[in-house]
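Dumped my_file21.cif below, it's mmCIF, C-alpha atoms and all ligand atoms:
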```cif
data_entry
#
loop_
_atom_site.group_PDB
_atom_site.id
_atom_site.type_symbol
_atom_site.label_atom_id
_atom_site.label_comp_id
_atom_site.auth_asym_id
_atom_site.auth_seq_id
_atom_site.Cartn_x
_atom_site.Cartn_y
_atom_site.Cartn_z
ATOM 1 C CA MET A 249 -83.936 118.058 32.392
ATOM 2 C CA THR A 250 -86.312 119.820 29.996
ATOM 3 C CA ARG A 251 -85.857 123.240 31.648
ATOM 4 C CA LEU A 252 -82.135 123.627 31.854
ATOM 5 C CA PRO A 253 -80.373 126.917 31.203
ATOM 6 C CA LYS A 254 -78.247 126.853 28.050
ATOM 7 C CA HIS A 255 -75.663 129.097 29.684
ATOM 8 C CA ILE A 256 -74.538 129.324 33.321
ATOM 9 C CA ALA A 257 -72.150 132.038 34.504
ATOM 10 C CA ILE A 258 -70.291 131.697 37.800
ATOM 11 C CA ILE A 259 -68.424 134.155 40.007
ATOM 12 C CA MET A 260 -66.050 131.804 41.824
ATOM 13 C CA ASP A 261 -65.625 133.637 45.109
ATOM 14 C CA GLY A 262 -64.319 132.788 48.579
ATOM 15 C CA ASN A 263 -61.006 131.054 47.861
ATOM 16 C CA GLY A 264 -59.072 133.462 50.075
ATOM 17 C CA ARG A 265 -61.446 133.249 53.054
ATOM 18 C CA TRP A 266 -61.654 129.470 52.764
ATOM 19 C CA ALA A 267 -57.849 129.260 52.921
ATOM 20 C CA LYS A 268 -57.605 131.748 55.786
ATOM 21 C CA ASP A 269 -60.091 129.731 57.861
ATOM 22 C CA GLN A 270 -57.641 126.844 57.684
ATOM 23 C CA GLY A 271 -54.667 129.007 58.540
ATOM 24 C CA GLN A 272 -53.361 128.758 54.981
ATOM 25 C CA ASP A 273 -52.097 131.174 52.345
ATOM 26 C CA ARG A 274 -54.615 132.606 49.849
ATOM 27 C CA LEU A 275 -52.960 130.698 46.982
ATOM 28 C CA PHE A 276 -53.806 127.471 48.784
ATOM 29 C CA GLY A 277 -57.452 128.484 48.301
ATOM 30 C CA HIS A 278 -56.940 129.139 44.594
ATOM 31 C CA TYR A 279 -55.294 125.717 44.118
ATOM 32 C CA HIS A 280 -58.316 124.094 45.725
ATOM 33 C CA GLY A 281 -60.505 126.308 43.545
ATOM 34 C CA VAL A 282 -59.093 124.511 40.520
ATOM 35 C CA VAL A 283 -60.454 121.214 41.871
ATOM 36 C CA SER A 284 -63.922 122.814 41.984
ATOM 37 C CA VAL A 285 -63.478 124.082 38.422
ATOM 38 C CA ARG A 286 -62.756 120.538 37.258
ATOM 39 C CA LYS A 287 -65.734 119.079 39.159
ATOM 40 C CA ILE A 288 -68.146 121.729 37.889
ATOM 41 C CA VAL A 289 -66.969 121.397 34.290
ATOM 42 C CA GLU A 290 -67.533 117.626 34.573
ATOM 43 C CA ALA A 291 -70.977 118.143 36.127
ATOM 44 C CA ALA A 292 -72.011 120.740 33.535
ATOM 45 C CA THR A 293 -70.983 118.367 30.721
ATOM 46 C CA GLU A 294 -72.862 115.487 32.319
ATOM 47 C CA ILE A 295 -76.022 117.554 32.854
ATOM 48 C CA GLY A 296 -75.895 118.873 29.284
ATOM 49 C CA ILE A 297 -75.191 122.560 29.826
ATOM 50 C CA GLN A 298 -74.027 124.157 26.557
ATOM 51 C CA TYR A 299 -72.092 127.181 27.845
ATOM 52 C CA LEU A 300 -70.316 127.715 31.143
ATOM 53 C CA THR A 301 -68.602 131.032 31.856
ATOM 54 C CA LEU A 302 -66.248 131.267 34.833
ATOM 55 C CA TYR A 303 -64.998 134.573 36.232
ATOM 56 C CA ALA A 304 -61.378 133.674 36.975
ATOM 57 C CA PHE A 305 -59.662 137.075 37.177
ATOM 58 C CA SER A 306 -61.104 140.574 36.965
ATOM 59 C CA THR A 307 -59.425 143.731 35.683
ATOM 60 C CA GLU A 308 -59.509 144.898 39.317
ATOM 61 C CA ASN A 309 -57.687 141.739 40.491
ATOM 62 C CA TRP A 310 -54.470 143.116 38.932
ATOM 63 C CA ASP A 311 -54.294 145.366 42.012
ATOM 64 C CA ARG A 312 -53.884 142.418 44.400
ATOM 65 C CA PRO A 313 -50.474 141.810 46.025
ATOM 66 C CA GLU A 314 -47.861 140.913 43.405
ATOM 67 C CA ALA A 315 -47.219 137.442 44.831
ATOM 68 C CA GLU A 316 -50.909 136.532 44.550
ATOM 69 C CA VAL A 317 -51.165 137.862 40.971
ATOM 70 C CA THR A 318 -48.022 135.981 39.889
ATOM 71 C CA GLY A 319 -49.219 132.837 41.664
ATOM 72 C CA LEU A 320 -52.621 133.043 39.970
ATOM 73 C CA MET A 321 -51.065 133.556 36.501
ATOM 74 C CA THR A 322 -48.859 130.504 37.008
ATOM 75 C CA LEU A 323 -51.873 128.534 38.189
ATOM 76 C CA PHE A 324 -53.949 129.526 35.141
ATOM 77 C CA VAL A 325 -51.210 128.726 32.630
ATOM 78 C CA ASP A 326 -50.235 125.413 34.270
ATOM 79 C CA THR A 327 -53.831 124.284 34.752
ATOM 80 C CA ILE A 328 -54.851 125.135 31.215
ATOM 81 C CA ALA A 329 -51.803 123.434 29.685
ATOM 82 C CA LYS A 330 -52.389 120.353 31.846
ATOM 83 C CA GLU A 331 -56.150 120.114 31.282
ATOM 84 C CA VAL A 332 -56.346 120.793 27.536
ATOM 85 C CA PRO A 333 -55.880 117.141 26.449
ATOM 86 C CA ASP A 334 -58.714 116.033 28.762
ATOM 87 C CA LEU A 335 -60.959 118.927 27.766
ATOM 88 C CA HIS A 336 -60.329 118.109 24.117
ATOM 89 C CA LYS A 337 -61.072 114.409 24.694
ATOM 90 C CA ASN A 338 -64.390 115.445 26.206
ATOM 91 C CA ASN A 339 -65.259 117.594 23.175
ATOM 92 C CA ILE A 340 -65.069 120.813 25.229
ATOM 93 C CA LYS A 341 -64.345 124.081 23.447
ATOM 94 C CA LEU A 342 -62.297 126.634 25.394
ATOM 95 C CA GLN A 343 -62.712 130.368 24.931
ATOM 96 C CA PHE A 344 -61.199 133.294 26.801
ATOM 97 C CA ILE A 345 -62.716 136.730 27.227
ATOM 98 C CA GLY A 346 -61.034 139.791 28.696
ATOM 99 C CA ASN A 347 -58.216 142.206 28.115
ATOM 100 C CA LEU A 348 -55.716 139.456 27.318
ATOM 101 C CA ASN A 349 -53.145 142.045 26.193
ATOM 102 C CA MET A 350 -52.401 142.646 29.862
ATOM 103 C CA LEU A 351 -51.257 139.046 30.358
ATOM 104 C CA PRO A 352 -47.587 138.057 30.201
ATOM 105 C CA ASP A 353 -46.482 136.696 26.798
ATOM 106 C CA HIS A 354 -46.152 133.049 27.911
ATOM 107 C CA ALA A 355 -49.719 133.172 29.270
ATOM 108 C CA LYS A 356 -51.056 134.712 26.047
ATOM 109 C CA LYS A 357 -49.438 131.896 24.086
ATOM 110 C CA ALA A 358 -50.844 129.161 26.355
ATOM 111 C CA LEU A 359 -54.353 130.575 26.003
ATOM 112 C CA ALA A 360 -54.046 130.966 22.231
ATOM 113 C CA ASP A 361 -52.829 127.338 21.915
ATOM 114 C CA ALA A 362 -55.693 126.023 24.067
ATOM 115 C CA THR A 363 -58.230 128.018 22.034
ATOM 116 C CA THR A 364 -56.893 126.741 18.696
ATOM 117 C CA GLN A 365 -56.643 123.140 19.847
ATOM 118 C CA THR A 366 -60.253 122.964 21.020
ATOM 119 C CA ALA A 367 -61.828 125.315 18.456
ATOM 120 C CA GLN A 368 -63.622 122.580 16.486
ATOM 121 C CA ASN A 369 -65.181 120.879 19.509
ATOM 122 C CA THR A 370 -68.962 120.784 19.665
ATOM 123 C CA GLY A 371 -69.746 119.914 23.300
ATOM 124 C CA LEU A 372 -69.679 122.316 26.233
ATOM 125 C CA THR A 373 -68.195 125.748 25.508
ATOM 126 C CA LEU A 374 -66.119 126.712 28.525
ATOM 127 C CA VAL A 375 -65.579 130.460 28.625
ATOM 128 C CA ILE A 376 -62.936 131.727 31.032
ATOM 129 C CA ALA A 377 -63.134 135.429 31.883
ATOM 130 C CA LEU A 378 -59.556 136.534 32.520
ATOM 131 C CA SER A 379 -58.438 140.117 33.036
ATOM 132 C CA TYR A 380 -62.096 140.813 32.347
ATOM 133 C CA SER A 381 -64.506 143.503 33.407
ATOM 134 C CA GLY A 382 -67.953 144.303 32.098
ATOM 135 C CA ARG A 383 -67.205 148.021 31.785
ATOM 136 C CA TRP A 384 -64.022 147.303 29.826
ATOM 137 C CA GLU A 385 -66.064 145.112 27.466
ATOM 138 C CA LEU A 386 -68.787 147.746 27.015
ATOM 139 C CA ILE A 387 -66.202 150.417 26.222
ATOM 140 C CA GLU A 388 -64.432 148.128 23.726
ATOM 141 C CA ALA A 389 -67.768 147.360 22.039
ATOM 142 C CA THR A 390 -68.567 151.068 21.846
ATOM 143 C CA LYS A 391 -65.179 151.823 20.276
ATOM 144 C CA SER A 392 -65.610 149.043 17.742
ATOM 145 C CA ILE A 393 -69.114 150.246 16.786
ATOM 146 C CA ALA A 394 -67.909 153.862 16.545
ATOM 147 C CA GLN A 395 -65.081 152.760 14.253
ATOM 148 C CA LYS A 396 -67.537 150.926 11.961
ATOM 149 C CA VAL A 397 -69.744 154.012 11.794
ATOM 150 C CA LYS A 398 -66.704 156.180 11.055
ATOM 151 C CA ASN A 399 -65.628 153.786 8.258
ATOM 152 C CA GLY A 400 -69.108 153.971 6.769
ATOM 153 C CA GLU A 401 -69.737 150.238 7.397
ATOM 154 C CA LEU A 402 -72.593 150.819 9.843
ATOM 155 C CA ALA A 403 -75.393 153.395 9.996
ATOM 156 C CA VAL A 404 -76.111 154.945 13.399
ATOM 157 C CA GLU A 405 -79.811 154.018 12.963
ATOM 158 C CA ALA A 406 -78.839 150.353 12.505
ATOM 159 C CA ILE A 407 -77.363 150.071 16.015
ATOM 160 C CA ASN A 408 -79.620 147.870 18.111
ATOM 161 C CA GLU A 409 -79.241 145.200 20.827
ATOM 162 C CA GLU A 410 -78.160 142.544 18.317
ATOM 163 C CA VAL A 411 -75.502 144.778 16.765
ATOM 164 C CA PHE A 412 -74.246 145.719 20.210
ATOM 165 C CA ALA A 413 -74.097 142.041 21.302
ATOM 166 C CA GLU A 414 -72.102 141.155 18.172
ATOM 167 C CA ASN A 415 -69.424 143.619 19.248
ATOM 168 C CA LEU A 416 -68.983 142.121 22.705
ATOM 169 C CA ALA A 417 -66.338 139.564 23.654
ATOM 170 C CA THR A 418 -69.168 137.012 23.972
ATOM 171 C CA LYS A 419 -70.177 137.369 20.310
ATOM 172 C CA GLY A 420 -72.163 134.305 19.222
ATOM 173 C CA ILE A 421 -72.773 133.092 22.780
ATOM 174 C CA PRO A 422 -76.333 133.292 24.147
ATOM 175 C CA ASP A 423 -76.866 135.335 27.327
ATOM 176 C CA PRO A 424 -76.597 133.391 30.599
ATOM 177 C CA GLU A 425 -79.985 132.463 32.066
ATOM 178 C CA LEU A 426 -78.425 131.699 35.449
ATOM 179 C CA MET A 427 -75.636 133.483 37.338
ATOM 180 C CA ILE A 428 -74.202 131.853 40.450
ATOM 181 C CA ARG A 429 -71.965 133.587 42.986
ATOM 182 C CA THR A 430 -70.405 131.652 45.835
ATOM 183 C CA SER A 431 -69.322 132.682 49.338
ATOM 184 C CA GLY A 432 -72.202 134.917 50.402
ATOM 185 C CA GLU A 433 -71.419 138.119 48.476
ATOM 186 C CA CYS A 434 -74.509 139.484 46.710
ATOM 187 C CA ARG A 435 -73.197 141.647 43.882
ATOM 188 C CA ILE A 436 -72.094 141.200 40.277
ATOM 189 C CA SER A 437 -68.705 142.930 40.519
ATOM 190 C CA ASN A 438 -68.383 144.134 36.930
ATOM 191 C CA PHE A 439 -69.254 140.718 35.418
ATOM 192 C CA LEU A 440 -71.119 140.437 32.073
ATOM 193 C CA LEU A 441 -73.002 143.705 32.644
ATOM 194 C CA PHE A 442 -74.831 143.615 29.290
ATOM 195 C CA GLN A 443 -75.392 139.869 29.121
ATOM 196 C CA LEU A 444 -76.868 139.371 32.616
ATOM 197 C CA ALA A 445 -79.797 141.738 31.977
ATOM 198 C CA TYR A 446 -82.392 138.972 32.417
ATOM 199 C CA ALA A 447 -80.396 136.288 34.204
ATOM 200 C CA GLU A 448 -81.661 134.683 37.399
ATOM 201 C CA PHE A 449 -79.184 135.284 40.223
ATOM 202 C CA TYR A 450 -78.330 132.572 42.727
ATOM 203 C CA PHE A 451 -76.196 133.426 45.742
ATOM 204 C CA THR A 452 -74.880 130.750 48.068
ATOM 205 C CA GLU A 453 -72.837 130.855 51.273
ATOM 206 C CA THR A 454 -70.773 127.890 50.029
ATOM 207 C CA ARG A 455 -67.231 128.978 49.245
ATOM 208 C CA TRP A 456 -65.828 128.150 45.836
ATOM 209 C CA PRO A 457 -63.303 125.476 46.991
ATOM 210 C CA GLU A 458 -66.255 123.545 48.459
ATOM 211 C CA PHE A 459 -68.651 124.008 45.542
ATOM 212 C CA ARG A 460 -69.549 120.648 43.990
ATOM 213 C CA LYS A 461 -72.085 119.042 41.661
ATOM 214 C CA GLU A 462 -74.766 118.873 44.377
ATOM 215 C CA HIS A 463 -74.488 122.642 44.876
ATOM 216 C CA LEU A 464 -74.841 123.188 41.139
ATOM 217 C CA VAL A 465 -77.928 120.960 41.109
ATOM 218 C CA GLU A 466 -79.384 122.968 44.008
ATOM 219 C CA ALA A 467 -78.871 126.159 41.992
ATOM 220 C CA LEU A 468 -80.543 124.556 38.966
ATOM 221 C CA LEU A 469 -83.551 123.455 41.015
ATOM 222 C CA GLN A 470 -83.899 126.949 42.433
ATOM 223 C CA TYR A 471 -83.645 128.351 38.872
ATOM 224 C CA GLN A 472 -86.376 125.988 37.699
ATOM 225 C CA SER A 473 -88.687 127.080 40.505
ATOM 226 C CA ARG A 474 -88.554 130.716 39.377
ATOM 227 C CA GLU A 475 -90.962 132.350 36.987
ATOM 228 C CA ARG A 476 -89.084 134.281 34.302
ATOM 229 C CA ARG A 477 -91.351 137.100 33.138
ATOM 230 C CA PHE A 478 -89.039 139.310 31.028
ATOM 231 C CA GLY A 479 -91.102 142.367 32.003
ATOM 232 C CA LYS A 480 -94.446 140.731 31.223
ATOM 233 C CA THR A 481 -97.157 139.779 33.735
ATOM 234 C CA SER A 482 -97.400 136.384 35.372
ATOM 235 C CA ALA A 483 -100.665 135.692 33.471
ATOM 236 C CA GLN A 484 -98.972 136.472 30.153
ATOM 237 C CA VAL A 485 -96.073 134.105 30.638
ATOM 238 C CA GLN A 486 -98.299 131.291 31.889
HETATM 239 C C1 LIG A 501 -62.020 134.718 44.142
HETATM 240 O O1 LIG A 501 -61.758 134.379 45.474
HETATM 241 C C2 LIG A 501 -61.198 133.898 43.248
HETATM 242 C C3 LIG A 501 -60.265 134.370 42.380
HETATM 243 C C4 LIG A 501 -59.936 135.800 42.242
HETATM 244 C C5 LIG A 501 -59.489 133.436 41.526
HETATM 245 C C6 LIG A 501 -60.320 132.304 40.999
HETATM 246 C C7 LIG A 501 -59.459 131.325 40.326
HETATM 247 C C8 LIG A 501 -59.590 129.988 40.444
HETATM 248 C C9 LIG A 501 -60.654 129.313 41.178
HETATM 249 C C10 LIG A 501 -58.681 129.138 39.669
HETATM 250 C C11 LIG A 501 -59.387 128.846 38.387
HETATM 251 C C12 LIG A 501 -58.503 128.244 37.416
HETATM 252 C C13 LIG A 501 -58.783 128.168 36.102
HETATM 253 C C14 LIG A 501 -57.862 127.441 35.232
HETATM 254 C C15 LIG A 501 -59.985 128.794 35.490
HETATM 255 P P1 LIG A 501 -61.107 135.484 46.376
HETATM 256 O O2 LIG A 501 -59.631 135.372 46.252
HETATM 257 O O3 LIG A 501 -61.684 136.808 46.038
HETATM 258 O O4 LIG A 501 -61.582 135.016 47.797
HETATM 259 P P2 LIG A 501 -61.963 135.951 49.028
HETATM 260 O O5 LIG A 501 -63.089 136.821 48.586
HETATM 261 O O6 LIG A 501 -62.364 134.959 50.060
HETATM 262 O O7 LIG A 501 -60.725 136.721 49.384
#
```
Could I get this file's structure written as structure tokens?
Amino acid sequence: MTRLPKHIAIIMDGNGRWAKDQGQDRLFGHYHGVVSVRKIVEAATEIGIQYLTLYAFSTENWDRPEAEVTGLMTLFVDTIAKEVPDLHKNNIKLQFIGNLNMLPDHAKKALADATTQTAQNTGLTLVIALSYSGRWELIEATKSIAQKVKNGELAVEAINEEVFAENLATKGIPDPELMIRTSGECRISNFLLFQLAYAEFYFTETRWPEFRKEHLVEALLQYQSRERRFGKTSAQVQ
């Protein structure tokens, strides 16, 4: 308990394959994925994790079949609206990162309401990446920095890692120390490209609809067994 990551990021993958294996529609997998979200949020709160970022929908996911995209949007909006009272009761703060302008108006409103309602909470910060991609975020940060330079608010020489981080969607949130991806894929798929620079990666065959607290604990134990050197030698960090 003394060596827990402050921030865990998760790529929730494998809903579609899990559903297909049972002869079901892909959306069936996403509905079961929501159960895992609830269980992992509960577990993270119980364990004392401060930040949990979930990759719910990437910029690239907009290219999926229309029925799946519409079904996922409905699922996000309904789940968020339904869960906010419980999240609030548990002192959880909700935040959304991504190109939210691409969302339908009713979804934008539901997310804005959930953010406002939980803004003062001091427990777990639950960050949902929606319509998100790391490259989009890096380009937005670059534009925002360029604009500040153009306005004379920022000197080119003053741009450093901290300034760059302050212009990302995750402003104020520490970088994840642990990134988990479910369902056997070993890539980061445009997720938190700047922030994951020194994260430990944990890949598991378990598909997201089956991911539970014990799987999270397994990932944490694996994380704790690793030596994080940040470019130094083993002797230096010991
Ligand atoms: C990846 O599996 C999963 C998604 C693209 C959607 C994830 C969304 C949820 C789990 C619902 C979360 C809800 C809230 C409120 C945050 P996939 O479809 O890529 O699966 P596959 O790789 O097996 O096809």
**Message:** Selection in question (the file shown): the PyMOL selection byres (((not hetatm)) within 7 of (chain A and resi 501)). Which residues does it include, as a list in words?
**Reply:**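 For this structure, the PyMOL selection byres (((not hetatm)) within 7 of (chain A and resi 501)) captures Met260, Asp261, Gly262, Asn263, Gly264, Arg265, Trp266, Arg274, His278, Tyr279, Gly281, Val282, Val285, Leu302, Ala304, Phe305, Asn309, Leu323, Phe324, Thr327, Ile328 and Ile376 of chain A.
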May I have the residues from that selection written out with C-alpha atoms, as a compact mmCIF listing (two decimals), in the coordinates of the input?
```
# COMPACT_ATOMS: atom_id res chain seq x y z
CA MET A 260 -66.05 131.80 41.82
CA ASP A 261 -65.62 133.64 45.11
CA GLY A 262 -64.32 132.79 48.58
CA ASN A 263 -61.01 131.05 47.86
CA GLY A 264 -59.07 133.46 50.08
CA ARG A 265 -61.45 133.25 53.05
CA TRP A 266 -61.65 129.47 52.76
CA ARG A 274 -54.62 132.61 49.85
CA HIS A 278 -56.94 129.14 44.59
CA TYR A 279 -55.29 125.72 44.12
CA GLY A 281 -60.50 126.31 43.54
CA VAL A 282 -59.09 124.51 40.52
CA VAL A 285 -63.48 124.08 38.42
CA LEU A 302 -66.25 131.27 34.83
CA ALA A 304 -61.38 133.67 36.98
CA PHE A 305 -59.66 137.07 37.18
CA ASN A 309 -57.69 141.74 40.49
CA LEU A 323 -51.87 128.53 38.19
CA PHE A 324 -53.95 129.53 35.14
CA THR A 327 -53.83 124.28 34.75
CA ILE A 328 -54.85 125.14 31.22
CA ILE A 376 -62.94 131.73 31.03
```
**Request:** Specify as a list in words each residue included when the PyMOL selection byres (((chain A and resi 340) around 10) and not hetatm) is applied to this file.
**Result:**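 Applied to this file, the PyMOL selection byres (((chain A and resi 340) around 10) and not hetatm) selects Val289, Thr293, Gln298, Tyr299, Val332, Pro333, Asp334, Leu335, His336, Lys337, Asn338, Asn339, Lys341, Leu342, Gln343, Thr366, Ala367, Gln368, Asn369, Thr370, Gly371, Leu372, Thr373 and Leu374 of chain A.
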**Request:** Rank nothing, just name the residue among A:Ala417, A:Arg435, A:Glu475, A:Val283 nearest to Glu458 (chain A), using all atoms listed in the file.
**Result:** A:Val283
**Request:** Point out the residue among A:Lys419, A:Lys287, A:Arg251, A:Lys391 with the least atom-to-atom distance to Gln443 (chain A), counting only C-alpha atoms.
**Result:**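 Of all the options, A:Lys419 lies closest to Gln443 (chain A).
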**Request:** Please provide the set of residues having any atom within 9 Å of Ile421 (chain A), restricted to all atoms listed in the file, with same-chain residues fewer than 3 positions apart removed, written as a VMD selection string.
**Result:** chain A and resid 255 299 418 424
**Request:** Write out as a PyMOL selection string each polymer residue whose atoms come within 9 Å of Asn347 (chain A), counting all atoms listed in the file; drop sequence neighbours fewer than 3 positions from it.
**Result:** chain A and resi 307+350-351+378-381+384-385
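Pairwise distance (CA of Leu252 (chain A), CA of Arg460 (chain A)) equals 17.7 Å.
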Since the input is missing atoms, can you rebuild N, CA and C atoms for region 430-457 of chain A and write them as a PDB file, in the coordinates of the input?
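Below you can see rebuild-v4.pdb, which holds the result:
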```
ATOM      1  N   THR A 430     -70.642 132.391  44.594  1.00  0.00           N
ATOM      2  CA  THR A 430     -70.405 131.652  45.835  1.00  0.00           C
ATOM      3  C   THR A 430     -69.918 132.587  46.942  1.00  0.00           C
ATOM      4  N   SER A 431     -69.926 132.079  48.142  1.00  0.00           N
ATOM      5  CA  SER A 431     -69.322 132.682  49.338  1.00  0.00           C
ATOM      6  C   SER A 431     -70.064 133.858  49.964  1.00  0.00           C
ATOM      7  N   GLY A 432     -71.350 133.987  49.656  1.00  0.00           N
ATOM      8  CA  GLY A 432     -72.202 134.917  50.402  1.00  0.00           C
ATOM      9  C   GLY A 432     -72.211 136.361  49.945  1.00  0.00           C
ATOM     10  N   GLU A 433     -71.386 136.729  48.952  1.00  0.00           N
ATOM     11  CA  GLU A 433     -71.419 138.119  48.476  1.00  0.00           C
ATOM     12  C   GLU A 433     -72.558 138.250  47.461  1.00  0.00           C
ATOM     13  N   CYS A 434     -73.347 139.324  47.594  1.00  0.00           N
ATOM     14  CA  CYS A 434     -74.509 139.484  46.710  1.00  0.00           C
ATOM     15  C   CYS A 434     -74.343 140.682  45.790  1.00  0.00           C
ATOM     16  N   ARG A 435     -73.396 140.590  44.882  1.00  0.00           N
ATOM     17  CA  ARG A 435     -73.197 141.647  43.882  1.00  0.00           C
ATOM     18  C   ARG A 435     -72.608 141.014  42.619  1.00  0.00           C
ATOM     19  N   ILE A 436     -72.586 141.816  41.516  1.00  0.00           N
ATOM     20  CA  ILE A 436     -72.094 141.200  40.277  1.00  0.00           C
ATOM     21  C   ILE A 436     -70.683 141.653  39.895  1.00  0.00           C
ATOM     22  N   SER A 437     -70.124 142.588  40.644  1.00  0.00           N
ATOM     23  CA  SER A 437     -68.705 142.930  40.519  1.00  0.00           C
ATOM     24  C   SER A 437     -68.199 143.043  39.077  1.00  0.00           C
ATOM     25  N   ASN A 438     -68.900 143.840  38.265  1.00  0.00           N
ATOM     26  CA  ASN A 438     -68.383 144.134  36.930  1.00  0.00           C
ATOM     27  C   ASN A 438     -68.336 142.899  36.005  1.00  0.00           C
ATOM     28  N   PHE A 439     -69.233 141.960  36.201  1.00  0.00           N
ATOM     29  CA  PHE A 439     -69.254 140.718  35.418  1.00  0.00           C
ATOM     30  C   PHE A 439     -70.395 140.781  34.403  1.00  0.00           C
ATOM     31  N   LEU A 440     -70.122 140.584  33.139  1.00  0.00           N
ATOM     32  CA  LEU A 440     -71.119 140.437  32.073  1.00  0.00           C
ATOM     33  C   LEU A 440     -72.295 141.410  32.203  1.00  0.00           C
ATOM     34  N   LEU A 441     -71.970 142.706  32.325  1.00  0.00           N
ATOM     35  CA  LEU A 441     -73.002 143.705  32.644  1.00  0.00           C
ATOM     36  C   LEU A 441     -74.133 143.760  31.603  1.00  0.00           C
ATOM     37  N   PHE A 442     -73.805 143.583  30.349  1.00  0.00           N
ATOM     38  CA  PHE A 442     -74.831 143.615  29.290  1.00  0.00           C
ATOM     39  C   PHE A 442     -75.595 142.283  29.255  1.00  0.00           C
ATOM     40  N   GLN A 443     -74.843 141.201  29.355  1.00  0.00           N
ATOM     41  CA  GLN A 443     -75.392 139.869  29.121  1.00  0.00           C
ATOM     42  C   GLN A 443     -76.286 139.358  30.259  1.00  0.00           C
ATOM     43  N   LEU A 444     -76.106 139.891  31.470  1.00  0.00           N
ATOM     44  CA  LEU A 444     -76.868 139.371  32.616  1.00  0.00           C
ATOM     45  C   LEU A 444     -78.202 140.091  32.813  1.00  0.00           C
ATOM     46  N   ALA A 445     -78.598 140.904  31.822  1.00  0.00           N
ATOM     47  CA  ALA A 445     -79.797 141.738  31.977  1.00  0.00           C
ATOM     48  C   ALA A 445     -81.004 140.956  32.503  1.00  0.00           C
ATOM     49  N   TYR A 446     -81.219 139.743  31.997  1.00  0.00           N
ATOM     50  CA  TYR A 446     -82.392 138.972  32.417  1.00  0.00           C
ATOM     51  C   TYR A 446     -82.041 137.655  33.108  1.00  0.00           C
ATOM     52  N   ALA A 447     -80.803 137.546  33.550  1.00  0.00           N
ATOM     53  CA  ALA A 447     -80.396 136.288  34.204  1.00  0.00           C
ATOM     54  C   ALA A 447     -81.035 136.178  35.588  1.00  0.00           C
ATOM     55  N   GLU A 448     -81.259 134.954  36.011  1.00  0.00           N
ATOM     56  CA  GLU A 448     -81.661 134.683  37.399  1.00  0.00           C
ATOM     57  C   GLU A 448     -80.371 134.626  38.210  1.00  0.00           C
ATOM     58  N   PHE A 449     -80.378 135.273  39.371  1.00  0.00           N
ATOM     59  CA  PHE A 449     -79.184 135.284  40.223  1.00  0.00           C
ATOM     60  C   PHE A 449     -79.360 134.284  41.363  1.00  0.00           C
ATOM     61  N   TYR A 450     -78.308 133.546  41.618  1.00  0.00           N
ATOM     62  CA  TYR A 450     -78.330 132.572  42.727  1.00  0.00           C
ATOM     63  C   TYR A 450     -77.087 132.799  43.576  1.00  0.00           C
ATOM     64  N   PHE A 451     -77.312 133.176  44.831  1.00  0.00           N
ATOM     65  CA  PHE A 451     -76.196 133.426  45.742  1.00  0.00           C
ATOM     66  C   PHE A 451     -76.177 132.337  46.812  1.00  0.00           C
ATOM     67  N   THR A 452     -75.002 131.801  47.051  1.00  0.00           N
ATOM     68  CA  THR A 452     -74.880 130.750  48.068  1.00  0.00           C
ATOM     69  C   THR A 452     -73.734 131.081  49.021  1.00  0.00           C
ATOM     70  N   GLU A 453     -73.889 130.651  50.275  1.00  0.00           N
ATOM     71  CA  GLU A 453     -72.837 130.855  51.273  1.00  0.00           C
ATOM     72  C   GLU A 453     -71.628 129.948  51.005  1.00  0.00           C
ATOM     73  N   THR A 454     -71.854 128.857  50.290  1.00  0.00           N
ATOM     74  CA  THR A 454     -70.773 127.890  50.029  1.00  0.00           C
ATOM     75  C   THR A 454     -69.600 128.589  49.351  1.00  0.00           C
ATOM     76  N   ARG A 455     -68.415 128.363  49.864  1.00  0.00           N
ATOM     77  CA  ARG A 455     -67.231 128.978  49.245  1.00  0.00           C
ATOM     78  C   ARG A 455     -66.769 128.145  48.053  1.00  0.00           C
ATOM     79  N   TRP A 456     -66.135 128.835  47.098  1.00  0.00           N
ATOM     80  CA  TRP A 456     -65.828 128.150  45.836  1.00  0.00           C
ATOM     81  C   TRP A 456     -65.061 126.829  46.023  1.00  0.00           C
ATOM     82  N   PRO A 457     -64.030 126.751  46.898  1.00  0.00           N
ATOM     83  CA  PRO A 457     -63.303 125.476  46.991  1.00  0.00           C
ATOM     84  C   PRO A 457     -64.183 124.307  47.459  1.00  0.00           C
TER      85      PRO A 457
END
```
